[in-house]
$ cat target_16.cif   # mmCIF, C-alpha atoms
data_target
#
loop_
_atom_site.label_atom_id
_atom_site.label_comp_id
_atom_site.auth_asym_id
_atom_site.auth_seq_id
_atom_site.Cartn_x
_atom_site.Cartn_y
_atom_site.Cartn_z
CA MET A 1 48.59 46.92 60.49
CA ARG A 2 49.38 50.48 59.45
CA ARG A 3 46.03 50.73 57.71
CA LEU A 4 44.25 49.69 60.90
CA VAL A 5 46.00 52.45 62.85
CA THR A 6 45.35 54.95 60.05
CA SER A 7 41.67 54.10 59.82
CA SER A 8 41.24 54.26 63.60
CA LEU A 9 42.84 57.70 63.51
CA LEU A 10 40.61 58.73 60.60
CA LEU A 11 37.59 57.62 62.60
CA ILE A 12 38.70 59.80 65.51
CA VAL A 13 39.30 62.77 63.17
CA ALA A 14 35.85 62.29 61.62
CA VAL A 15 34.29 62.26 65.06
CA THR A 16 36.14 65.39 66.12
CA ALA A 17 34.99 67.14 62.95
CA LEU A 18 31.39 66.26 63.74
CA VAL A 19 31.41 67.72 67.22
CA PRO A 20 31.31 71.45 66.24
CA LEU A 21 28.51 70.61 63.82
CA ALA A 22 26.50 69.03 66.60
CA HIS A 23 27.34 72.05 68.75
CA ARG A 24 25.69 74.31 66.16
CA VAL A 25 22.57 72.17 66.23
CA GLU A 26 22.51 72.55 70.00
CA ALA A 27 23.01 76.33 69.83
CA GLN A 28 19.97 76.72 67.59
CA ASP A 29 17.90 74.71 69.94
CA LYS A 30 16.14 76.92 72.47
CA ALA A 31 14.26 74.21 74.30
CA THR A 32 13.26 74.68 77.93
CA GLU A 33 15.68 73.34 80.50
CA VAL A 34 14.67 71.15 83.41
CA THR A 35 17.21 70.61 86.15
CA LEU A 36 17.86 67.42 88.05
CA THR A 37 20.45 66.65 90.70
CA ALA A 38 21.91 63.30 91.68
CA ALA A 39 23.56 62.69 95.02
CA ASN A 40 23.70 59.93 97.63
CA GLN A 41 22.35 57.31 95.22
CA ALA A 42 19.15 59.25 94.53
CA PHE A 43 17.75 61.90 92.23
CA SER A 44 16.19 65.10 93.44
CA PRO A 45 13.52 66.08 92.87
CA ALA A 46 12.05 62.59 92.60
CA GLU A 47 9.41 63.84 90.19
CA LEU A 48 9.59 66.43 87.42
CA ARG A 49 6.84 67.96 85.30
CA VAL A 50 7.29 68.94 81.65
CA LYS A 51 5.02 70.10 78.86
CA ALA A 52 3.83 67.31 76.61
CA GLY A 53 4.48 67.72 72.89
CA GLN A 54 7.57 69.90 73.36
CA PRO A 55 11.21 68.82 73.31
CA PHE A 56 13.13 69.81 76.41
CA VAL A 57 16.65 69.65 77.82
CA LEU A 58 17.29 67.69 80.97
CA VAL A 59 20.20 69.29 82.84
CA VAL A 60 21.64 66.67 85.15
CA THR A 61 24.20 67.52 87.80
CA ASN A 62 25.96 64.64 89.51
CA ASN A 63 27.00 65.83 92.96
CA ASP A 64 28.63 62.59 93.95
CA PRO A 65 32.35 63.35 94.27
CA LYS A 66 33.45 59.93 93.04
CA LYS A 67 30.85 57.89 91.20
CA ALA A 68 29.63 58.41 87.66
CA ILE A 69 25.96 57.82 86.95
CA GLU A 70 24.26 56.81 83.73
CA VAL A 71 20.88 58.39 83.14
CA GLU A 72 18.78 55.92 81.22
CA ASN A 73 15.32 55.50 79.78
CA LYS A 74 15.18 52.49 77.48
CA ASP A 75 11.92 53.50 75.78
CA LEU A 76 13.27 56.94 74.88
CA ARG A 77 16.64 55.39 73.84
CA ILE A 78 18.44 57.65 76.29
CA GLU A 79 21.69 56.48 77.84
CA LYS A 80 23.96 59.20 79.07
CA VAL A 81 26.89 59.08 81.45
CA VAL A 82 27.29 61.96 83.90
CA PRO A 83 30.78 61.79 85.44
CA ALA A 84 31.32 62.54 89.11
CA GLY A 85 30.89 66.23 89.91
CA LYS A 86 29.79 67.13 86.37
CA THR A 87 26.73 68.62 84.71
CA VAL A 88 25.49 67.21 81.41
CA LYS A 89 22.65 68.34 79.19
CA ILE A 90 20.41 65.67 77.70
CA ARG A 91 18.09 66.54 74.85
CA VAL A 92 14.74 64.80 75.13
CA ARG A 93 12.32 64.63 72.21
CA ALA A 94 8.70 65.79 72.47
CA LEU A 95 6.79 63.40 74.71
CA LYS A 96 3.20 62.25 74.65
CA PRO A 97 1.35 62.88 77.92
CA GLY A 98 2.34 60.23 80.46
CA THR A 99 4.89 59.23 83.06
CA TYR A 100 8.44 58.33 82.07
CA VAL A 101 10.75 56.75 84.61
CA PHE A 102 14.47 57.46 84.26
CA VAL A 103 16.95 55.33 86.23
CA ASP A 104 20.64 55.45 87.01
CA ASP A 105 21.79 52.42 85.06
CA PHE A 106 24.79 52.04 87.36
CA ASN A 107 22.50 52.00 90.40
CA GLN A 108 18.97 50.99 89.49
CA ALA A 109 17.58 52.07 92.87
CA ALA A 110 17.95 55.73 91.90
CA GLN A 111 14.92 56.74 89.85
CA VAL A 112 13.18 59.90 88.75
CA LYS A 113 9.69 60.21 87.30
CA ILE A 114 9.16 62.69 84.50
CA VAL A 115 5.51 63.53 84.00
CA ALA A 116 4.59 65.02 80.62
CA GLU A 117 1.26 66.83 80.68
CA MET B 1 28.42 42.91 94.04
CA GLY B 2 25.66 41.23 92.01
CA ALA B 3 24.59 44.52 90.46
CA THR B 4 28.07 45.55 89.36
CA PHE B 5 28.59 42.05 87.96
CA VAL B 6 25.48 42.40 85.80
CA VAL B 7 26.38 45.92 84.61
CA VAL B 8 29.87 44.97 83.47
CA LEU B 9 28.75 41.63 81.98
CA ARG B 10 26.08 43.39 79.95
CA GLU B 11 28.42 46.14 78.73
CA GLY B 12 31.09 43.58 77.84
CA PHE B 13 28.85 40.98 76.26
CA GLU B 14 28.56 42.42 72.77
CA ALA B 15 32.27 43.13 72.55
CA ALA B 16 33.08 39.58 73.71
CA LEU B 17 30.63 38.09 71.21
CA LEU B 18 32.14 40.01 68.30
CA LEU B 19 35.71 39.20 69.36
CA GLY B 20 34.79 35.50 69.71
CA ILE B 21 33.30 35.45 66.22
CA VAL B 22 36.19 37.32 64.66
CA TYR B 23 38.87 35.11 66.25
CA ALA B 24 36.93 31.98 65.25
CA TYR B 25 36.56 33.39 61.75
CA LEU B 26 40.32 33.82 61.40
CA ALA B 27 40.88 30.26 62.67
CA GLN B 28 38.29 28.99 60.17
CA ILE B 29 39.82 30.62 57.13
CA GLY B 30 43.28 29.44 58.20
CA HIS B 31 44.57 32.87 59.08
CA ALA B 32 45.11 32.41 62.77
CA GLU B 33 48.35 34.38 62.48
CA SER B 34 46.30 37.45 61.64
CA ARG B 35 44.90 37.49 65.15
CA ARG B 36 47.26 40.38 65.86
CA TYR B 37 44.96 42.65 63.82
CA VAL B 38 42.07 41.78 66.08
CA THR B 39 44.14 42.00 69.24
CA LEU B 40 45.53 45.36 68.12
CA GLY B 41 42.04 46.61 67.21
CA GLY B 42 40.71 45.54 70.61
CA ALA B 43 43.70 47.03 72.44
CA LEU B 44 43.39 50.35 70.55
CA ALA B 45 39.72 50.38 71.51
CA VAL B 46 40.56 49.91 75.20
CA VAL B 47 43.03 52.81 74.97
CA ALA B 48 40.44 54.92 73.10
CA SER B 49 37.85 54.05 75.78
CA VAL B 50 40.14 55.18 78.58
CA VAL B 51 40.98 58.40 76.68
CA MET B 52 37.29 59.01 76.06
CA GLY B 53 36.46 58.28 79.72
CA ILE B 54 39.08 60.82 80.82
CA ALA B 55 37.90 63.33 78.19
CA VAL B 56 34.27 63.02 79.30
CA SER B 57 35.32 63.53 82.92
CA ALA B 58 37.59 66.48 82.15
CA LEU B 59 35.49 68.34 79.60
CA SER B 60 32.34 70.25 80.26
CA GLY B 61 29.89 72.32 78.27
CA PRO B 62 28.58 71.45 74.79
CA LEU B 63 31.50 69.15 74.02
CA ALA B 64 30.59 66.94 76.96
CA ASP B 65 26.87 67.22 76.21
CA ILE B 66 26.93 66.24 72.55
CA GLY B 67 30.37 64.73 71.96
CA PRO B 68 29.57 61.28 73.38
CA ASP B 69 26.30 61.12 71.42
CA VAL B 70 28.05 61.99 68.16
CA ILE B 71 30.77 59.44 68.83
CA ALA B 72 28.17 56.80 69.74
CA LEU B 73 26.34 57.41 66.45
CA VAL B 74 29.55 57.27 64.40
CA VAL B 75 30.57 54.02 66.11
CA ILE B 76 27.13 52.44 65.66
CA PHE B 77 26.83 53.26 61.96
CA GLY B 78 30.53 52.52 61.43
CA ALA B 79 30.01 49.08 62.97
CA VAL B 80 26.97 48.49 60.74
CA ALA B 81 29.01 49.41 57.65
CA LEU B 82 31.89 47.13 58.66
CA LEU B 83 29.65 44.19 59.52
CA THR B 84 27.78 44.62 56.23
CA TRP B 85 31.02 44.69 54.32
CA HIS B 86 32.20 41.59 56.18
CA GLY B 87 28.98 39.64 55.60
CA TRP B 88 29.05 40.57 51.94
CA TRP B 89 32.65 39.47 51.66
CA MET B 90 31.91 36.15 53.38
CA GLY B 91 28.91 35.58 51.10
CA ARG B 92 30.99 36.20 48.02
CA HIS B 93 33.78 33.90 49.12
CA ALA B 94 31.72 31.11 50.65
CA ARG B 95 31.91 29.22 47.36
CA GLU B 96 35.70 29.13 47.55
CA MET B 97 35.61 27.35 50.87
CA ARG B 98 34.10 24.04 49.97
CA GLY B 99 35.61 20.59 50.45
CA ASP B 100 39.39 20.41 50.11
CA LEU B 101 39.61 24.08 49.42
CA GLN B 102 37.98 25.17 52.60
CA ARG B 103 41.14 26.12 54.43
CA ARG B 104 42.87 27.56 51.43
CA ILE B 105 41.05 30.72 50.72
CA ASP B 106 42.76 33.01 48.29
CA ALA B 107 45.52 34.20 50.60
CA ALA B 108 46.39 37.43 48.90
CA HIS B 109 42.79 38.49 48.73
CA ALA B 110 42.13 37.57 52.32
CA SER B 111 45.15 39.26 53.87
CA GLN B 112 44.27 42.41 52.00
CA GLN B 113 40.97 42.56 53.84
CA LEU B 114 41.97 41.33 57.28
CA TRP B 115 42.85 44.72 58.71
CA MET B 116 39.13 45.46 58.41
CA VAL B 117 38.50 42.63 60.84
CA GLY B 118 40.67 44.55 63.28
CA LEU B 119 38.39 47.56 62.82
CA ILE B 120 35.36 45.40 63.63
CA ALA B 121 37.09 44.45 66.87
CA PHE B 122 37.80 48.14 67.51
CA THR B 123 34.18 49.26 67.12
CA GLY B 124 32.89 46.24 69.07
CA VAL B 125 35.04 47.04 72.10
CA PHE B 126 34.85 50.83 71.86
CA ARG B 127 31.05 50.91 71.64
CA GLU B 128 30.45 50.39 75.35
CA GLY B 129 34.09 50.88 76.35
CA ALA B 130 34.07 54.44 77.71
CA GLU B 131 30.98 53.73 79.81
CA THR B 132 32.54 50.66 81.31
CA VAL B 133 35.73 52.58 82.06
CA LEU B 134 33.79 55.31 83.89
CA PHE B 135 31.74 52.76 85.78
CA LEU B 136 34.80 50.78 86.91
CA TRP B 137 36.58 54.04 87.72
CA GLY B 138 33.73 54.93 90.09
CA LEU B 139 34.14 51.55 91.79
CA MET B 140 37.90 51.99 92.16
CA THR B 141 37.48 55.22 94.05
CA GLN B 142 35.55 53.43 96.78
CA LEU B 143 38.20 50.97 97.77
CA GLU B 144 38.49 52.34 101.30
CA SER B 145 35.34 50.42 102.24
CA VAL B 146 34.55 46.69 102.22
CA SER B 147 31.54 47.23 99.98
CA GLY B 148 33.85 49.02 97.55
CA TRP B 149 36.02 45.92 97.29
CA THR B 150 33.08 43.55 96.80
CA ALA B 151 31.68 45.89 94.14
CA LEU B 152 35.03 45.90 92.36
CA ALA B 153 35.18 42.11 92.64
CA GLY B 154 31.73 41.98 91.04
CA GLY B 155 32.91 44.24 88.23
CA ALA B 156 36.00 42.11 87.65
CA ALA B 157 33.84 38.95 87.67
CA GLY B 158 31.62 40.62 85.05
CA LEU B 159 34.63 41.23 82.79
CA VAL B 160 35.71 37.61 83.26
CA GLY B 161 32.14 36.43 82.55
CA ALA B 162 32.05 38.40 79.30
CA ALA B 163 35.47 37.04 78.33
CA VAL B 164 34.28 33.46 79.05
CA LEU B 165 31.24 34.01 76.82
CA GLY B 166 33.51 35.26 74.02
CA TRP B 167 35.82 32.28 74.52
CA LEU B 168 32.88 29.84 74.33
CA VAL B 169 31.77 31.47 71.07
CA PHE B 170 35.34 31.15 69.78
CA GLN B 171 35.65 27.48 70.78
CA GLY B 172 32.19 26.61 69.48
CA GLY B 173 32.78 28.52 66.26
CA ARG B 174 36.15 26.92 65.64
CA ARG B 175 34.73 23.41 65.88
CA LEU B 176 31.87 23.87 63.47
CA SER B 177 32.45 22.90 59.87
CA VAL B 178 33.38 25.88 57.74
CA GLN B 179 30.04 25.88 55.94
CA LYS B 180 28.05 25.71 59.16
CA PHE B 181 30.21 28.37 60.78
CA PHE B 182 29.82 30.72 57.84
CA ALA B 183 26.09 30.17 57.64
CA ALA B 184 25.68 30.62 61.42
CA THR B 185 27.88 33.72 61.70
CA SER B 186 26.50 35.29 58.53
CA LEU B 187 23.02 34.92 59.97
CA LEU B 188 24.11 36.18 63.40
CA ILE B 189 26.00 39.14 61.93
CA LEU B 190 22.99 39.94 59.73
CA PHE B 191 20.69 40.18 62.76
CA LEU B 192 23.31 41.86 64.95
CA ALA B 193 23.90 44.55 62.30
CA ALA B 194 20.15 44.96 61.70
CA GLY B 195 19.73 45.51 65.45
CA LEU B 196 22.57 48.05 65.49
CA PHE B 197 21.20 49.88 62.45
CA SER B 198 17.77 50.06 64.02
CA ALA B 199 19.31 51.21 67.32
CA GLY B 200 21.15 53.97 65.45
CA VAL B 201 17.90 55.13 63.89
CA GLY B 202 16.27 55.02 67.35
CA ARG B 203 19.01 57.25 68.74
CA LEU B 204 18.56 59.75 65.91
CA GLN B 205 14.86 59.84 66.83
CA SER B 206 15.73 60.24 70.48
CA HIS B 207 17.87 63.31 69.67
CA GLY B 208 15.03 64.73 67.59
CA LEU B 209 17.04 64.43 64.36
CA LEU B 210 14.49 62.02 62.91
CA PRO B 211 10.75 62.39 63.51
CA GLY B 212 8.59 60.10 65.59
CA GLY B 213 9.64 57.75 68.32
CA GLU B 214 6.38 56.58 69.84
CA PRO B 215 6.23 52.79 70.22
CA LEU B 216 4.49 50.97 67.39
CA TRP B 217 3.65 48.01 69.61
CA ASP B 218 4.40 46.72 73.09
CA THR B 219 5.55 43.16 73.67
CA SER B 220 6.95 43.79 77.14
CA TRP B 221 4.19 41.56 78.59
CA LEU B 222 5.70 38.70 76.59
CA LEU B 223 9.41 39.52 76.77
CA ASP B 224 10.79 42.59 78.47
CA ASP B 225 14.00 44.05 77.04
CA HIS B 226 15.16 45.37 80.44
CA GLY B 227 16.52 42.19 81.93
CA GLY B 228 17.28 38.49 81.55
CA VAL B 229 16.56 36.83 78.20
CA GLY B 230 15.09 40.02 76.71
CA SER B 231 18.17 42.07 77.50
CA PHE B 232 20.37 39.27 76.09
CA LEU B 233 18.36 39.29 72.85
CA ALA B 234 18.51 43.08 72.81
CA GLY B 235 22.32 42.93 72.73
CA LEU B 236 22.42 40.02 70.29
CA ILE B 237 19.81 40.82 67.64
CA GLY B 238 18.47 44.22 68.70
CA TYR B 239 15.23 43.01 70.25
CA ARG B 240 13.02 45.86 71.46
CA ALA B 241 9.81 45.39 73.40
CA ARG B 242 8.56 48.80 72.26
CA PRO B 243 10.04 49.67 68.89
CA SER B 244 9.16 52.84 67.03
CA ALA B 245 7.78 52.61 63.48
CA LEU B 246 11.05 53.88 61.97
CA GLU B 247 13.07 51.37 63.99
CA VAL B 248 10.93 48.51 62.67
CA ILE B 249 11.23 49.80 59.09
CA ALA B 250 15.00 50.22 59.47
CA TYR B 251 15.31 46.66 60.79
CA ILE B 252 13.29 45.13 57.95
CA VAL B 253 14.92 47.18 55.21
CA TYR B 254 18.37 46.27 56.53
CA LEU B 255 17.51 42.56 56.78
CA ALA B 256 16.20 42.50 53.21
CA GLY B 257 19.04 44.54 51.69
CA ALA B 258 21.93 42.98 53.58
CA GLY B 259 20.32 39.51 53.39
CA ALA B 260 20.62 39.68 49.61
CA LEU B 261 24.30 40.63 49.94
CA PHE B 262 25.11 38.01 52.59
CA PHE B 263 23.34 35.06 50.99
CA PRO B 264 23.68 35.60 47.25
CA SER B 265 22.90 31.94 46.48
CA PHE B 266 19.41 32.35 47.95
CA PHE B 267 18.78 35.08 45.47
CA GLY B 268 19.68 33.16 42.34
CA ARG B 269 23.00 34.76 41.48
CA GLY B 270 26.48 33.91 42.67
CA ALA B 271 27.42 30.66 44.35
CA PRO B 272 26.33 27.44 42.66
CA ARG B 273 25.00 24.99 45.21
CA ASN B 274 26.70 21.75 44.31
CA GLY B 275 27.92 20.53 47.69
CA ASN B 276 31.52 19.46 48.00
CA VAL B 277 32.38 18.99 44.37
CA VAL B 278 35.48 20.98 43.59
CA GLU B 279 35.64 22.31 40.10
CA PRO B 280 38.98 21.94 38.31
CA ALA B 281 39.05 25.61 37.47
CA GLU B 282 38.80 26.50 41.13
CA ALA B 283 41.22 23.82 42.30
CA SER B 284 43.87 25.04 39.91
CA ARG B 285 43.71 28.53 41.34
CA VAL B 286 45.13 27.46 44.66
#
$ encode --input "target_16.cif" --output "structure tokens"
Amino acid sequence: MRRLVTSSLLLIVAVTALVPLAHRVEAQDKATEVTLTAANQAFSPAELRVKAGQPFVLVVTNNDPKKAIEVENKDLRIEKVVPAGKTVKIRVRALKPGTYVFVDDFNQAAQVKIVAE
Amino acid sequence: MGATFVVVLREGFEAALLLGIVYAYLAQIGHAESRRYVTLGGALAVVASVVMGIAVSALSGPLADIGPDVIALVVIFGAVALLTWHGWWMGRHAREMRGDLQRRIDAAHASQQLWMVGLIAFTGVFREGAETVLFLWGLMTQLESVSGWTALAGGAAGLVGAAVLGWLVFQGGRRLSVQKFFAATSLLILFLAAGLFSAGVGRLQSHGLLPGGEPLWDTSWLLDDHGGVGSFLAGLIGYRARPSALEVIAYIVYLAGAGALFFPSFFGRGAPRNGNVVEPAEASRV
């Protein structure tokens, strides 16, 4: 029993230790930022354009005062919760030219098209 | 209501499946009293999920941007390690569970390892826990309207649905013969862990920490992984309609490597396959 508690705690410590490391990775990364806003069960703008072949950072602001959203694109393996009233940065890898549809997994009707060209 | 039901059911499904297997496993090896490890692991994970949900809502900046991703990766690879360890352990001890001996596994050895089963429960519940907490939290804040209540009812029904699935796995697993149960769960855990491992690799690609990511093939015309059966298989064995090359390699390498650990008798070393005959040497150990 004690070992279970200890190992859970160790896991949490390990995670906490990894966060600054990840932060450093982020700091080095000077990718372009693309902003997106969510409010009233929809994204705006409804379509975004990015450069193909270059990683970018999707900056999502959730303006809903109460509901969290989850920005998701299954093909890009992106699943990221944006709590109510918060802004979260999502790193997106370099994309091939094409259209990528992101949805709010908590409300599938809200969608945004990202066109890489 | 339907939508919130599906969201919560899907988030809770994997956790319920793992808990069902782990509880059935303890019943099978005659260690039902060790259920407290699993219950404690699951309960700790619920607490950790709530804490993480609050932390994600309260924090901002880089910690909120990257923290959840780092935690998700640690939990995914931690779960893979635990499941591998567990499958290996079951493979090694399968020979001790034949015939009359089946319920009398080496008690000292088993109890030494059972706290790990609690950790499996922890990772299983914590994996989608914080998301579910935030989602349900959003529903709770809308209770002033009728649609808010029906949405919450849908969410609650989703939790119940996931729990029923876990309970069915538990009941089904408990009734199988020990050999069948071990073979079935070893196989299931093998594919579940392979799916998780491949998903972890996919996430590393998605963050740009591993190269590539373009789909190697597309079977979404045959079975889409976004809904229904495809999404069920995605949670169960890591099915992807459009896997990347590295994800496919990770899946195959894991299956081959862990398969050899889980089923040693298939690979010519370890357990002799002589049915229910109990050897005197083994019988005297109990």
$ residues_around --input "target_16.cif" --residues "range 37-40 of chain A" --least-positions-apart "2" --cutoff "7 Å" --atoms "all atoms listed in the file" --output "list in words"
Thr35, Ala42, Phe43, Ser44, Val60, Thr61, Asn62, Asn63 and Asp64 of chain A
$ residues_near_point --input "target_16.cif" --point "(27.3, 37.4, 68.1)" --cutoff "6 Å" --atoms "only C-alpha atoms" --output "PyMOL selection string"
chain B and resi 17-18+188+236
$ residues_around --input "target_16.cif" --residues "Ala32 in chain B" --least-positions-apart "5" --cutoff "8 Å" --atoms "all atoms listed in the file" --output "PyMOL selection string"
chain B and resi 23+26-27
$ write_last_selection --input "target_16.cif" --atoms "C-alpha atoms" --output "PDB file, in the frame of the given file"
ATOM      1  CA  TYR B  23      38.870  35.110  66.250  1.00  0.00           C
ATOM      2  CA  LEU B  26      40.320  33.820  61.400  1.00  0.00           C
ATOM      3  CA  ALA B  27      40.880  30.260  62.670  1.00  0.00           C
TER       4      ALA B  27
END
$ resolve_selection --input "target_16.cif" --expression "the PyMOL selection byres ((chain B and resi 88) around 10)" --output "list in words"
Leu82, Leu83, Thr84, Trp85, His86, Gly87, Trp89, Met90, Gly91, Arg92, His93, Ala94, Ser186, Leu190, Ala258, Gly259, Ala260, Leu261, Phe262, Phe263 and Pro264 of chain B
$ interface_residues --input "target_16.cif" --of "chain B" --to "chain A" --cutoff "6 Å" --atoms "all atoms listed in the file" --output "ChimeraX atom specification"
/B:57,65,67,71,115,138,203,206,208
$ residues_around --input "target_16.cif" --residues "Gly98 in chain A" --least-positions-apart "3" --cutoff "8 Å" --atoms "only C-alpha atoms" --output "MDAnalysis selection string"
chainID A and resid 95 115:117
$ resolve_selection --input "target_16.cif" --expression "the PyMOL selection byres ((chain B and resi 163) around 12)" --output "PDB file with C-alpha atoms, keeping the file's coordinate frame"
ATOM      1  CA  VAL B   8      29.870  44.970  83.470  1.00  0.00           C
ATOM      2  CA  LEU B   9      28.750  41.630  81.980  1.00  0.00           C
ATOM      3  CA  ARG B  10      26.080  43.390  79.950  1.00  0.00           C
ATOM      4  CA  GLU B  11      28.420  46.140  78.730  1.00  0.00           C
ATOM      5  CA  GLY B  12      31.090  43.580  77.840  1.00  0.00           C
ATOM      6  CA  PHE B  13      28.850  40.980  76.260  1.00  0.00           C
ATOM      7  CA  GLU B  14      28.560  42.420  72.770  1.00  0.00           C
ATOM      8  CA  ALA B  15      32.270  43.130  72.550  1.00  0.00           C
ATOM      9  CA  ALA B  16      33.080  39.580  73.710  1.00  0.00           C
ATOM     10  CA  LEU B  17      30.630  38.090  71.210  1.00  0.00           C
ATOM     11  CA  LEU B  18      32.140  40.010  68.300  1.00  0.00           C
ATOM     12  CA  LEU B  19      35.710  39.200  69.360  1.00  0.00           C
ATOM     13  CA  GLY B  20      34.790  35.500  69.710  1.00  0.00           C
ATOM     14  CA  VAL B 125      35.040  47.040  72.100  1.00  0.00           C
ATOM     15  CA  ALA B 156      36.000  42.110  87.650  1.00  0.00           C
ATOM     16  CA  ALA B 157      33.840  38.950  87.670  1.00  0.00           C
ATOM     17  CA  GLY B 158      31.620  40.620  85.050  1.00  0.00           C
ATOM     18  CA  LEU B 159      34.630  41.230  82.790  1.00  0.00           C
ATOM     19  CA  VAL B 160      35.710  37.610  83.260  1.00  0.00           C
ATOM     20  CA  GLY B 161      32.140  36.430  82.550  1.00  0.00           C
ATOM     21  CA  ALA B 162      32.050  38.400  79.300  1.00  0.00           C
ATOM     22  CA  VAL B 164      34.280  33.460  79.050  1.00  0.00           C
ATOM     23  CA  LEU B 165      31.240  34.010  76.820  1.00  0.00           C
ATOM     24  CA  GLY B 166      33.510  35.260  74.020  1.00  0.00           C
ATOM     25  CA  TRP B 167      35.820  32.280  74.520  1.00  0.00           C
ATOM     26  CA  LEU B 168      32.880  29.840  74.330  1.00  0.00           C
ATOM     27  CA  VAL B 169      31.770  31.470  71.070  1.00  0.00           C
ATOM     28  CA  PHE B 170      35.340  31.150  69.780  1.00  0.00           C
TER      29      PHE B 170
END
$ closest_residue --input "target_16.cif" --among "B:Glu214, B:Glu247, B:Asp225, B:Glu144" --to "Ala194 in chain B" --atoms "all atoms listed in the file"
B:Glu247
$ atom_distance --input "target_16.cif" --atom1 "CA of Gly227 in chain B" --atom2 "CA of Gln171 in chain B"
26.6 Å
$ atom_distance --input "target_16.cif" --atom1 "CA of Gly238 in chain B" --atom2 "CA of Asp69 in chain B"
18.8 Å
$ decode --input "target_16.cif" --residues "range 158-175 of chain B" --atoms "N, CA and C atoms" --output "PDB file, in the first residue's frame"
ATOM      1  N   GLY B 158     -23.001   8.284 -19.276  1.00  0.00           N
ATOM      2  CA  GLY B 158     -21.763   7.822 -19.901  1.00  0.00           C
ATOM      3  C   GLY B 158     -20.842   7.152 -18.896  1.00  0.00           C
ATOM      4  N   LEU B 159     -20.733   7.772 -17.700  1.00  0.00           N
ATOM      5  CA  LEU B 159     -19.911   7.182 -16.634  1.00  0.00           C
ATOM      6  C   LEU B 159     -20.457   5.814 -16.234  1.00  0.00           C
ATOM      7  N   VAL B 160     -21.803   5.760 -16.089  1.00  0.00           N
ATOM      8  CA  VAL B 160     -22.441   4.495 -15.725  1.00  0.00           C
ATOM      9  C   VAL B 160     -22.197   3.461 -16.821  1.00  0.00           C
ATOM     10  N   GLY B 161     -22.329   3.885 -18.088  1.00  0.00           N
ATOM     11  CA  GLY B 161     -22.110   2.973 -19.220  1.00  0.00           C
ATOM     12  C   GLY B 161     -20.711   2.390 -19.193  1.00  0.00           C
ATOM     13  N   ALA B 162     -19.718   3.252 -18.928  1.00  0.00           N
ATOM     14  CA  ALA B 162     -18.333   2.777 -18.868  1.00  0.00           C
ATOM     15  C   ALA B 162     -18.162   1.792 -17.721  1.00  0.00           C
ATOM     16  N   ALA B 163     -18.791   2.131 -16.567  1.00  0.00           N
ATOM     17  CA  ALA B 163     -18.686   1.247 -15.405  1.00  0.00           C
ATOM     18  C   ALA B 163     -19.329  -0.105 -15.705  1.00  0.00           C
ATOM     19  N   VAL B 164     -20.473  -0.101 -16.421  1.00  0.00           N
ATOM     20  CA  VAL B 164     -21.149  -1.362 -16.770  1.00  0.00           C
ATOM     21  C   VAL B 164     -20.241  -2.205 -17.669  1.00  0.00           C
ATOM     22  N   LEU B 165     -19.598  -1.560 -18.635  1.00  0.00           N
ATOM     23  CA  LEU B 165     -18.663  -2.278 -19.512  1.00  0.00           C
ATOM     24  C   LEU B 165     -17.554  -2.939 -18.696  1.00  0.00           C
ATOM     25  N   GLY B 166     -16.989  -2.181 -17.746  1.00  0.00           N
ATOM     26  CA  GLY B 166     -15.921  -2.712 -16.898  1.00  0.00           C
ATOM     27  C   GLY B 166     -16.431  -3.884 -16.074  1.00  0.00           C
ATOM     28  N   TRP B 167     -17.671  -3.756 -15.569  1.00  0.00           N
ATOM     29  CA  TRP B 167     -18.260  -4.805 -14.750  1.00  0.00           C
ATOM     30  C   TRP B 167     -18.488  -6.074 -15.576  1.00  0.00           C
ATOM     31  N   LEU B 168     -18.930  -5.903 -16.829  1.00  0.00           N
ATOM     32  CA  LEU B 168     -19.138  -7.055 -17.717  1.00  0.00           C
ATOM     33  C   LEU B 168     -17.809  -7.777 -17.973  1.00  0.00           C
ATOM     34  N   VAL B 169     -16.741  -6.977 -18.188  1.00  0.00           N
ATOM     35  CA  VAL B 169     -15.421  -7.570 -18.394  1.00  0.00           C
ATOM     36  C   VAL B 169     -15.017  -8.366 -17.152  1.00  0.00           C
ATOM     37  N   PHE B 170     -15.280  -7.762 -15.979  1.00  0.00           N
ATOM     38  CA  PHE B 170     -14.950  -8.410 -14.709  1.00  0.00           C
ATOM     39  C   PHE B 170     -15.701  -9.729 -14.560  1.00  0.00           C
ATOM     40  N   GLN B 171     -17.034  -9.675 -14.782  1.00  0.00           N
ATOM     41  CA  GLN B 171     -17.860 -10.877 -14.624  1.00  0.00           C
ATOM     42  C   GLN B 171     -17.461 -11.951 -15.630  1.00  0.00           C
ATOM     43  N   GLY B 172     -17.278 -11.521 -16.887  1.00  0.00           N
ATOM     44  CA  GLY B 172     -16.889 -12.468 -17.930  1.00  0.00           C
ATOM     45  C   GLY B 172     -15.544 -13.079 -17.614  1.00  0.00           C
ATOM     46  N   GLY B 173     -14.600 -12.221 -17.185  1.00  0.00           N
ATOM     47  CA  GLY B 173     -13.241 -12.668 -16.917  1.00  0.00           C
ATOM     48  C   GLY B 173     -13.178 -13.626 -15.749  1.00  0.00           C
ATOM     49  N   ARG B 174     -14.020 -13.374 -14.740  1.00  0.00           N
ATOM     50  CA  ARG B 174     -14.007 -14.195 -13.545  1.00  0.00           C
ATOM     51  C   ARG B 174     -14.482 -15.619 -13.830  1.00  0.00           C
ATOM     52  N   ARG B 175     -15.404 -15.713 -14.836  1.00  0.00           N
ATOM     53  CA  ARG B 175     -16.011 -17.023 -15.087  1.00  0.00           C
ATOM     54  C   ARG B 175     -15.197 -17.896 -16.021  1.00  0.00           C
TER      55      ARG B 175
END
